[in-house]
file model.pdb (PDB, C-alpha atoms, pLDDT in the B column)
MODEL        1
ATOM      1  CA  MET N   1     -64.181  34.971  19.345  1.00 89.00           C
ATOM      2  CA  LYS N   2     -63.139  36.393  15.995  1.00 95.00           C
ATOM      3  CA  VAL N   3     -62.607  34.131  12.974  1.00 96.00           C
ATOM      4  CA  ARG N   4     -60.600  35.428  10.044  1.00 97.00           C
ATOM      5  CA  LEU N   5     -58.479  34.272   7.145  1.00 97.00           C
ATOM      6  CA  ALA N   6     -54.974  33.315   8.205  1.00 97.00           C
ATOM      7  CA  SER N   7     -51.916  35.143   6.926  1.00 95.00           C
ATOM      8  CA  GLY N   8     -48.268  34.173   6.833  1.00 94.00           C
ATOM      9  CA  ASN N   9     -47.873  35.907  10.187  1.00 94.00           C
ATOM     10  CA  ASP N  10     -50.166  33.281  11.774  1.00 96.00           C
ATOM     11  CA  LEU N  11     -48.184  30.211  10.695  1.00 96.00           C
ATOM     12  CA  ARG N  12     -46.023  29.930  13.813  1.00 96.00           C
ATOM     13  CA  ALA N  13     -49.122  30.142  16.039  1.00 96.00           C
ATOM     14  CA  ILE N  14     -50.799  27.436  13.924  1.00 97.00           C
ATOM     15  CA  ILE N  15     -47.764  25.146  14.289  1.00 97.00           C
ATOM     16  CA  ALA N  16     -47.669  25.792  18.050  1.00 96.00           C
ATOM     17  CA  ILE N  17     -51.350  24.814  18.387  1.00 96.00           C
ATOM     18  CA  GLN N  18     -50.787  21.737  16.227  1.00 95.00           C
ATOM     19  CA  GLU N  19     -47.875  20.673  18.465  1.00 94.00           C
ATOM     20  CA  LYS N  20     -50.075  20.954  21.567  1.00 94.00           C
ATOM     21  CA  SER N  21     -52.853  18.911  19.915  1.00 91.00           C
ATOM     22  CA  ARG N  22     -51.858  15.255  19.634  1.00 83.00           C
ATOM     23  CA  GLU N  23     -54.903  14.455  17.494  1.00 82.00           C
ATOM     24  CA  ALA N  24     -54.023  17.039  14.819  1.00 83.00           C
ATOM     25  CA  ALA N  25     -52.255  15.987  11.631  1.00 83.00           C
ATOM     26  CA  ARG N  26     -48.525  16.723  11.639  1.00 87.00           C
ATOM     27  CA  TRP N  27     -47.966  19.364   8.992  1.00 92.00           C
ATOM     28  CA  LEU N  28     -44.879  21.452   8.413  1.00 93.00           C
ATOM     29  CA  LEU N  29     -44.890  25.228   8.297  1.00 95.00           C
ATOM     30  CA  ASN N  30     -44.222  25.034   4.544  1.00 95.00           C
ATOM     31  CA  ASP N  31     -47.322  22.842   4.071  1.00 95.00           C
ATOM     32  CA  TYR N  32     -49.487  25.617   5.512  1.00 96.00           C
ATOM     33  CA  ALA N  33     -47.622  28.270   3.523  1.00 96.00           C
ATOM     34  CA  ARG N  34     -48.313  26.359   0.280  1.00 96.00           C
ATOM     35  CA  LEU N  35     -51.990  26.045   1.203  1.00 96.00           C
ATOM     36  CA  LEU N  36     -52.175  29.812   1.772  1.00 95.00           C
ATOM     37  CA  ASP N  37     -50.774  30.352  -1.731  1.00 95.00           C
ATOM     38  CA  ASP N  38     -53.090  27.786  -3.366  1.00 96.00           C
ATOM     39  CA  SER N  39     -56.158  29.292  -5.061  1.00 93.00           C
ATOM     40  CA  GLY N  40     -58.292  26.467  -3.604  1.00 95.00           C
ATOM     41  CA  GLY N  41     -56.747  26.722  -0.157  1.00 96.00           C
ATOM     42  CA  MET N  42     -58.239  28.414   2.859  1.00 97.00           C
ATOM     43  CA  ILE N  43     -56.928  28.561   6.403  1.00 98.00           C
ATOM     44  CA  LEU N  44     -59.080  30.180   9.039  1.00 98.00           C
ATOM     45  CA  VAL N  45     -57.907  31.153  12.504  1.00 98.00           C
ATOM     46  CA  ALA N  46     -59.940  31.738  15.633  1.00 97.00           C
ATOM     47  CA  GLU N  47     -58.557  34.651  17.574  1.00 95.00           C
ATOM     48  CA  LEU N  48     -59.330  35.952  21.038  1.00 90.00           C
ATOM     49  CA  PRO N  49     -59.289  39.726  20.571  1.00 84.00           C
ATOM     50  CA  THR N  50     -59.803  40.297  24.305  1.00 85.00           C
ATOM     51  CA  LEU N  51     -56.248  39.155  25.065  1.00 77.00           C
ATOM     52  CA  ASP N  52     -53.461  41.715  24.807  1.00 79.00           C
ATOM     53  CA  PRO N  53     -52.075  41.112  22.266  1.00 85.00           C
ATOM     54  CA  PRO N  54     -54.889  39.166  20.555  1.00 85.00           C
ATOM     55  CA  ARG N  55     -54.060  35.466  20.384  1.00 92.00           C
ATOM     56  CA  VAL N  56     -54.762  32.767  17.783  1.00 96.00           C
ATOM     57  CA  VAL N  57     -56.363  29.867  19.678  1.00 96.00           C
ATOM     58  CA  GLY N  58     -57.464  27.623  16.831  1.00 97.00           C
ATOM     59  CA  PHE N  59     -57.258  26.992  13.115  1.00 97.00           C
ATOM     60  CA  ALA N  60     -58.891  25.035  10.305  1.00 98.00           C
ATOM     61  CA  ALA N  61     -57.186  24.262   6.984  1.00 97.00           C
ATOM     62  CA  PHE N  62     -59.315  23.508   3.903  1.00 98.00           C
ATOM     63  CA  HIS N  63     -58.768  22.786   0.239  1.00 97.00           C
ATOM     64  CA  ARG N  64     -61.519  23.146  -2.364  1.00 96.00           C
ATOM     65  CA  ILE N  65     -61.645  21.630  -5.829  1.00 94.00           C
ATOM     66  CA  ILE N  66     -64.668  22.850  -7.781  1.00 92.00           C
ATOM     67  CA  ASP N  67     -67.602  22.100  -5.439  1.00 94.00           C
ATOM     68  CA  GLU N  68     -65.960  19.684  -2.989  1.00 95.00           C
ATOM     69  CA  THR N  69     -63.779  20.638  -0.067  1.00 96.00           C
ATOM     70  CA  GLU N  70     -61.588  18.676   2.282  1.00 96.00           C
ATOM     71  CA  LEU N  71     -60.940  19.764   5.833  1.00 97.00           C
ATOM     72  CA  PHE N  72     -57.257  18.846   6.016  1.00 96.00           C
ATOM     73  CA  ASN N  73     -56.477  19.812   9.587  1.00 95.00           C
ATOM     74  CA  MET N  74     -58.167  21.531  12.506  1.00 96.00           C
ATOM     75  CA  ALA N  75     -57.148  22.104  16.103  1.00 95.00           C
ATOM     76  CA  VAL N  76     -57.911  24.327  19.048  1.00 96.00           C
ATOM     77  CA  ASP N  77     -55.325  25.070  21.718  1.00 95.00           C
ATOM     78  CA  PRO N  78     -56.114  22.697  24.613  1.00 94.00           C
ATOM     79  CA  ASP N  79     -56.121  25.674  27.022  1.00 92.00           C
ATOM     80  CA  PHE N  80     -59.013  27.240  25.067  1.00 92.00           C
ATOM     81  CA  ARG N  81     -61.190  24.256  24.172  1.00 91.00           C
ATOM     82  CA  ARG N  82     -64.914  24.192  24.903  1.00 90.00           C
ATOM     83  CA  GLN N  83     -65.170  27.962  24.427  1.00 90.00           C
ATOM     84  CA  GLY N  84     -66.689  27.912  20.943  1.00 93.00           C
ATOM     85  CA  ALA N  85     -63.572  28.266  18.774  1.00 96.00           C
ATOM     86  CA  GLY N  86     -64.099  25.009  16.878  1.00 95.00           C
ATOM     87  CA  ARG N  87     -67.736  25.748  16.154  1.00 96.00           C
ATOM     88  CA  ALA N  88     -66.923  29.339  15.159  1.00 97.00           C
ATOM     89  CA  LEU N  89     -64.298  28.079  12.684  1.00 97.00           C
ATOM     90  CA  LEU N  90     -66.781  25.665  11.081  1.00 97.00           C
ATOM     91  CA  VAL N  91     -69.620  28.205  10.913  1.00 96.00           C
ATOM     92  CA  GLU N  92     -67.364  30.780   9.230  1.00 97.00           C
ATOM     93  CA  ALA N  93     -65.941  28.118   6.897  1.00 97.00           C
ATOM     94  CA  ARG N  94     -69.441  27.136   5.805  1.00 96.00           C
ATOM     95  CA  GLU N  95     -70.282  30.701   4.808  1.00 95.00           C
ATOM     96  CA  ARG N  96     -67.017  31.256   2.955  1.00 96.00           C
ATOM     97  CA  LEU N  97     -67.163  27.880   1.208  1.00 96.00           C
ATOM     98  CA  LEU N  98     -70.747  28.427   0.067  1.00 94.00           C
ATOM     99  CA  MET N  99     -69.739  31.792  -1.413  1.00 94.00           C
ATOM    100  CA  ALA N 100     -66.882  30.036  -3.237  1.00 94.00           C
ATOM    101  CA  GLY N 101     -69.289  27.478  -4.740  1.00 93.00           C
ATOM    102  CA  ALA N 102     -68.597  24.497  -2.492  1.00 95.00           C
ATOM    103  CA  LYS N 103     -71.433  22.045  -1.957  1.00 95.00           C
ATOM    104  CA  ARG N 104     -69.879  19.575   0.468  1.00 96.00           C
ATOM    105  CA  VAL N 105     -66.963  19.084   2.843  1.00 97.00           C
ATOM    106  CA  TYR N 106     -65.213  15.832   3.709  1.00 97.00           C
ATOM    107  CA  LEU N 107     -62.794  14.976   6.488  1.00 96.00           C
ATOM    108  CA  GLU N 108     -61.211  12.021   8.245  1.00 95.00           C
ATOM    109  CA  VAL N 109     -61.349  11.718  12.014  1.00 95.00           C
ATOM    110  CA  ARG N 110     -59.946   9.065  14.321  1.00 92.00           C
ATOM    111  CA  GLN N 111     -62.636   6.612  15.324  1.00 94.00           C
ATOM    112  CA  SER N 112     -61.678   7.205  18.984  1.00 92.00           C
ATOM    113  CA  ASN N 113     -61.839  11.025  18.795  1.00 92.00           C
ATOM    114  CA  LYS N 114     -65.338  11.394  20.228  1.00 93.00           C
ATOM    115  CA  PRO N 115     -65.065  15.115  21.157  1.00 92.00           C
ATOM    116  CA  ALA N 116     -64.197  16.055  17.548  1.00 93.00           C
ATOM    117  CA  GLN N 117     -66.949  13.810  16.212  1.00 95.00           C
ATOM    118  CA  ALA N 118     -69.482  15.454  18.527  1.00 94.00           C
ATOM    119  CA  LEU N 119     -68.502  18.887  17.190  1.00 95.00           C
ATOM    120  CA  TYR N 120     -68.677  17.752  13.572  1.00 95.00           C
ATOM    121  CA  TYR N 121     -72.051  16.045  14.013  1.00 96.00           C
ATOM    122  CA  SER N 122     -73.439  19.137  15.769  1.00 94.00           C
ATOM    123  CA  VAL N 123     -72.894  21.296  12.671  1.00 94.00           C
ATOM    124  CA  GLY N 124     -74.229  18.737  10.190  1.00 93.00           C
ATOM    125  CA  PHE N 125     -71.487  16.262   9.308  1.00 95.00           C
ATOM    126  CA  ALA N 126     -72.588  12.636   8.885  1.00 94.00           C
ATOM    127  CA  ILE N 127     -70.703   9.373   8.472  1.00 94.00           C
ATOM    128  CA  HIS N 128     -69.806   8.741   4.852  1.00 93.00           C
ATOM    129  CA  SER N 129     -67.503   5.710   5.134  1.00 95.00           C
ATOM    130  CA  LEU N 130     -64.759   3.987   7.119  1.00 95.00           C
ATOM    131  CA  ARG N 131     -61.061   3.827   6.203  1.00 94.00           C
ATOM    132  CA  LYS N 132     -59.405   0.819   7.820  1.00 95.00           C
ATOM    133  CA  ASP N 133     -55.977   1.426   9.362  1.00 92.00           C
ATOM    134  CA  TYR N 134     -55.867   4.978   7.993  1.00 91.00           C
ATOM    135  CA  TYR N 135     -53.913   6.435  10.914  1.00 88.00           C
ATOM    136  CA  ARG N 136     -50.463   5.517  12.194  1.00 85.00           C
ATOM    137  CA  ASP N 137     -48.849   6.122  15.552  1.00 79.00           C
ATOM    138  CA  PRO N 138     -51.046   4.660  16.934  1.00 84.00           C
ATOM    139  CA  PRO N 139     -52.747   2.663  14.176  1.00 89.00           C
ATOM    140  CA  GLU N 140     -56.450   3.336  13.975  1.00 91.00           C
ATOM    141  CA  ASN N 141     -59.398   3.431  11.612  1.00 94.00           C
ATOM    142  CA  ALA N 142     -60.731   6.734  10.326  1.00 94.00           C
ATOM    143  CA  LEU N 143     -64.324   7.751   9.923  1.00 96.00           C
ATOM    144  CA  VAL N 144     -64.864   9.730   6.740  1.00 96.00           C
ATOM    145  CA  LEU N 145     -67.482  12.369   7.443  1.00 96.00           C
ATOM    146  CA  GLY N 146     -69.362  14.441   4.898  1.00 95.00           C
ATOM    147  CA  TRP N 147     -71.177  17.755   5.292  1.00 95.00           C
ATOM    148  CA  GLU N 148     -73.687  18.948   2.714  1.00 94.00           C
ATOM    149  CA  LEU N 149     -73.445  22.744   2.590  1.00 93.00           C
ATOM    150  CA  ASN N 150     -76.989  23.575   1.633  1.00 81.00           C
ATOM    151  CA  PRO N 151     -77.506  27.290   1.246  1.00 62.00           C
ATOM    152  CA  PRO N 152     -80.116  28.807   3.535  1.00 59.00           C
ATOM    153  CA  THR N 153     -83.611  28.479   2.150  1.00 58.00           C
ATOM    154  CA  VAL N 154     -85.626  31.614   1.603  1.00 58.00           C
ATOM    155  CA  THR N 155     -89.258  31.322   2.531  1.00 57.00           C
ATOM    156  CA  SER N 156     -91.910  33.482   1.046  1.00 56.00           C
ATOM    157  CA  ASN N 157     -95.084  34.764   2.663  1.00 61.00           C
ATOM    158  CA  PHE N 158     -96.994  34.475  -0.616  1.00 55.00           C
TER     159      PHE N 158
ENDMDL
END

call {"tool": "encode", "arguments": {"input": "model.pdb", "output": "structure tokens"}}
result
Amino acid sequence: MKVRLASGNDLRAIIAIQEKSREAARWLLNDYARLLDDSGGMILVAELPTLDPPRVVGFAAFHRIIDETELFNMAVDPDFRRQGAGRALLVEARERLLMAGAKRVYLEVRQSNKPAQALYYSVGFAIHSLRKDYYRDPPENALVLGWELNPPTVTSNF
């Protein structure tokens, strides 16, 4: 699995994955294009380089303001789930966000979306708060999760 920054050439693949993922937010191609052009925006894609041609199988869209970041949207193609793409996207995002000066990431997730919650908790997200009736179609509460991006600690032998 290779994770890299998205380019304009990846936008159609991102939309296709979003359309196959009912739990993903419904963004338009132009929404992603604007995020790519935003200095605080970052879209990562997970790509399977072993396919010919290589194929984008997941994405994560972030926006950073100073030291806080929001994970706006994330999805993995249902045909490629449980193969590490989601985790790889979050691990790479953490490194890039730390280098950019981010200290924490927030996101909303449907209260019923247990697989996504399990992934988020496994990398360090924790429940921050609850947003009543946040989602529509169908109506549902959202859990707001937060992730403290602590840089790795350096230990000394002295």

call {"tool": "residues_around", "arguments": {"input": "model.pdb", "residues": "range 125-129 of chain N", "least_positions_apart": "3", "cutoff": "10 Å", "atoms": "all atoms listed in the file", "output": "count of residues only"}}
result
20

call {"tool": "residues_near_point", "arguments": {"input": "model.pdb", "point": "(-67.0, 26.2, 14.2)", "cutoff": "12 Å", "atoms": "all atoms listed in the file", "output": "PyMOL selection string"}}
result
chain N and resi 1-4+44-46+58-60+74-76+81-95+116+118-125

call {"tool": "atom_distance", "arguments": {"input": "model.pdb", "atom1": "CA of Leu71 in chain N", "atom2": "CA of Trp27 in chain N"}}
result
13.4 Å

call {"tool": "atom_distance", "arguments": {"input": "model.pdb", "atom1": "CA of Asn73 in chain N", "atom2": "CA of Ala24 in chain N"}}
result
6.4 Å

call {"tool": "atom_distance", "arguments": {"input": "model.pdb", "atom1": "CA of Leu36 in chain N", "atom2": "CA of Ala6 in chain N"}}
result
7.8 Å

call {"tool": "closest_residue", "arguments": {"input": "model.pdb", "among": "N:Phe80, N:Asp133, N:Pro138, N:Gly101", "to": "Leu48 in chain N", "atoms": "all atoms listed in the file"}}
result
N:Phe80

call {"tool": "residues_around", "arguments": {"input": "model.pdb", "residues": "Ala33 in chain N", "least_positions_apart": "2", "cutoff": "12 Å", "atoms": "all atoms listed in the file", "output": "PyMOL selection string"}}
result
chain N and resi 6-12+14-15+27-31+35-38+41-43+61

call {"tool": "axis_aligned_box", "arguments": {"input": "model.pdb", "around": "range 87-91 of chain N", "padding_each_side": "6 Å", "output": "AutoDock Vina command-line options"}}
result
--center_x -67.0 --center_y 27.5 --center_z 13.5 --size_x 17.3 --size_y 15.7 --size_z 17.2

call {"tool": "resolve_selection", "arguments": {"input": "model.pdb", "expression": "the PyMOL selection byres ((chain N and resi 102) around 9)", "output": "list in words"}}
result
Arg64, Ile65, Ile66, Asp67, Glu68, Thr69, Arg94, Arg96, Leu97, Leu98, Met99, Ala100, Gly101, Lys103, Arg104, Val105 and Leu149 of chain N

call {"tool": "resolve_selection", "arguments": {"input": "model.pdb", "expression": "the PyMOL selection byres ((chain N and resi 21) around 8)", "output": "list in words"}}
result
Ile17, Gln18, Glu19, Lys20, Arg22, Glu23, Ala24, Ala75, Val76, Asp77 and Pro78 of chain N

call {"tool": "closest_residue", "arguments": {"input": "model.pdb", "among": "N:Leu5, N:Ala16, N:Ala25, N:Val56", "to": "Asp137 in chain N", "atoms": "all atoms listed in the file"}}
result
N:Ala25

call {"tool": "closest_residue", "arguments": {"input": "model.pdb", "among": "N:Arg131, N:Pro139, N:Arg34, N:Pro54", "to": "Ala13 in chain N", "atoms": "only C-alpha atoms"}}
result
N:Pro54

call {"tool": "build_atoms", "arguments": {"input": "model.pdb", "residues": "range 43-68 of chain N", "atoms": "N, CA and C atoms", "output": "mmCIF file, in the coordinates of the input"}}
result
data_model
loop_
_atom_site.group_PDB
_atom_site.id
_atom_site.type_symbol
_atom_site.label_atom_id
_atom_site.label_comp_id
_atom_site.auth_asym_id
_atom_site.auth_seq_id
_atom_site.Cartn_x
_atom_site.Cartn_y
_atom_site.Cartn_z
ATOM 1 N N ILE N 43 -57.220 28.824 4.994
ATOM 2 C CA ILE N 43 -56.928 28.561 6.403
ATOM 3 C C ILE N 43 -57.601 29.663 7.203
ATOM 4 N N LEU N 44 -58.436 29.243 8.129
ATOM 5 C CA LEU N 44 -59.080 30.180 9.039
ATOM 6 C C LEU N 44 -58.432 30.064 10.407
ATOM 7 N N VAL N 45 -58.372 31.169 11.120
ATOM 8 C CA VAL N 45 -57.907 31.153 12.504
ATOM 9 C C VAL N 45 -58.981 31.752 13.396
ATOM 10 N N ALA N 46 -59.077 31.189 14.588
ATOM 11 C CA ALA N 46 -59.940 31.738 15.633
ATOM 12 C C ALA N 46 -59.035 32.523 16.566
ATOM 13 N N GLU N 47 -59.403 33.749 16.807
ATOM 14 C CA GLU N 47 -58.557 34.651 17.574
ATOM 15 C C GLU N 47 -59.360 35.212 18.746
ATOM 16 N N LEU N 48 -58.711 35.296 19.887
ATOM 17 C CA LEU N 48 -59.330 35.952 21.038
ATOM 18 C C LEU N 48 -58.855 37.401 21.057
ATOM 19 N N PRO N 49 -59.706 38.326 20.628
ATOM 20 C CA PRO N 49 -59.289 39.726 20.571
ATOM 21 C C PRO N 49 -59.237 40.383 21.951
ATOM 22 N N THR N 50 -59.791 39.710 22.968
ATOM 23 C CA THR N 50 -59.803 40.297 24.305
ATOM 24 C C THR N 50 -58.455 40.158 25.004
ATOM 25 N N LEU N 51 -57.587 39.280 24.490
ATOM 26 C CA LEU N 51 -56.248 39.155 25.065
ATOM 27 C C LEU N 51 -55.366 40.260 24.500
ATOM 28 N N ASP N 52 -54.355 40.653 25.262
ATOM 29 C CA ASP N 52 -53.461 41.715 24.807
ATOM 30 C C ASP N 52 -52.038 41.175 24.765
ATOM 31 N N PRO N 53 -51.486 40.926 23.584
ATOM 32 C CA PRO N 53 -52.075 41.112 22.266
ATOM 33 C C PRO N 53 -53.081 40.002 21.958
ATOM 34 N N PRO N 54 -53.945 40.219 20.945
ATOM 35 C CA PRO N 54 -54.889 39.166 20.555
ATOM 36 C C PRO N 54 -54.124 37.881 20.240
ATOM 37 N N ARG N 55 -54.762 36.744 20.520
ATOM 38 C CA ARG N 55 -54.060 35.466 20.384
ATOM 39 C C ARG N 55 -54.854 34.491 19.521
ATOM 40 N N VAL N 56 -54.166 33.830 18.587
ATOM 41 C CA VAL N 56 -54.762 32.767 17.783
ATOM 42 C C VAL N 56 -54.883 31.541 18.682
ATOM 43 N N VAL N 57 -56.120 31.016 18.799
ATOM 44 C CA VAL N 57 -56.363 29.867 19.678
ATOM 45 C C VAL N 57 -56.839 28.628 18.920
ATOM 46 N N GLY N 58 -57.040 28.769 17.623
ATOM 47 C CA GLY N 58 -57.464 27.623 16.831
ATOM 48 C C GLY N 58 -57.325 27.912 15.349
ATOM 49 N N PHE N 59 -57.368 26.836 14.556
ATOM 50 C CA PHE N 59 -57.258 26.992 13.115
ATOM 51 C C PHE N 59 -57.977 25.847 12.421
ATOM 52 N N ALA N 60 -58.315 26.069 11.160
ATOM 53 C CA ALA N 60 -58.891 25.035 10.305
ATOM 54 C C ALA N 60 -58.351 25.262 8.902
ATOM 55 N N ALA N 61 -57.810 24.185 8.299
ATOM 56 C CA ALA N 61 -57.186 24.262 6.984
ATOM 57 C C ALA N 61 -58.006 23.456 5.982
ATOM 58 N N PHE N 62 -58.444 24.114 4.907
ATOM 59 C CA PHE N 62 -59.315 23.508 3.903
ATOM 60 C C PHE N 62 -58.690 23.595 2.522
ATOM 61 N N HIS N 63 -59.110 22.690 1.653
ATOM 62 C CA HIS N 63 -58.768 22.786 0.239
ATOM 63 C C HIS N 63 -59.997 22.435 -0.576
ATOM 64 N N ARG N 64 -60.330 23.320 -1.531
ATOM 65 C CA ARG N 64 -61.519 23.146 -2.364
ATOM 66 C C ARG N 64 -61.106 22.874 -3.799
ATOM 67 N N ILE N 65 -61.764 21.886 -4.397
ATOM 68 C CA ILE N 65 -61.645 21.630 -5.829
ATOM 69 C C ILE N 65 -63.067 21.629 -6.378
ATOM 70 N N ILE N 66 -63.360 22.601 -7.183
ATOM 71 C CA ILE N 66 -64.668 22.850 -7.781
ATOM 72 C C ILE N 66 -65.705 22.979 -6.665
ATOM 73 N N ASP N 67 -66.555 21.955 -6.463
ATOM 74 C CA ASP N 67 -67.602 22.100 -5.439
ATOM 75 C C ASP N 67 -67.401 21.188 -4.232
ATOM 76 N N GLU N 68 -66.246 20.533 -4.147
ATOM 77 C CA GLU N 68 -65.960 19.684 -2.989
ATOM 78 C C GLU N 68 -64.743 20.204 -2.246
#
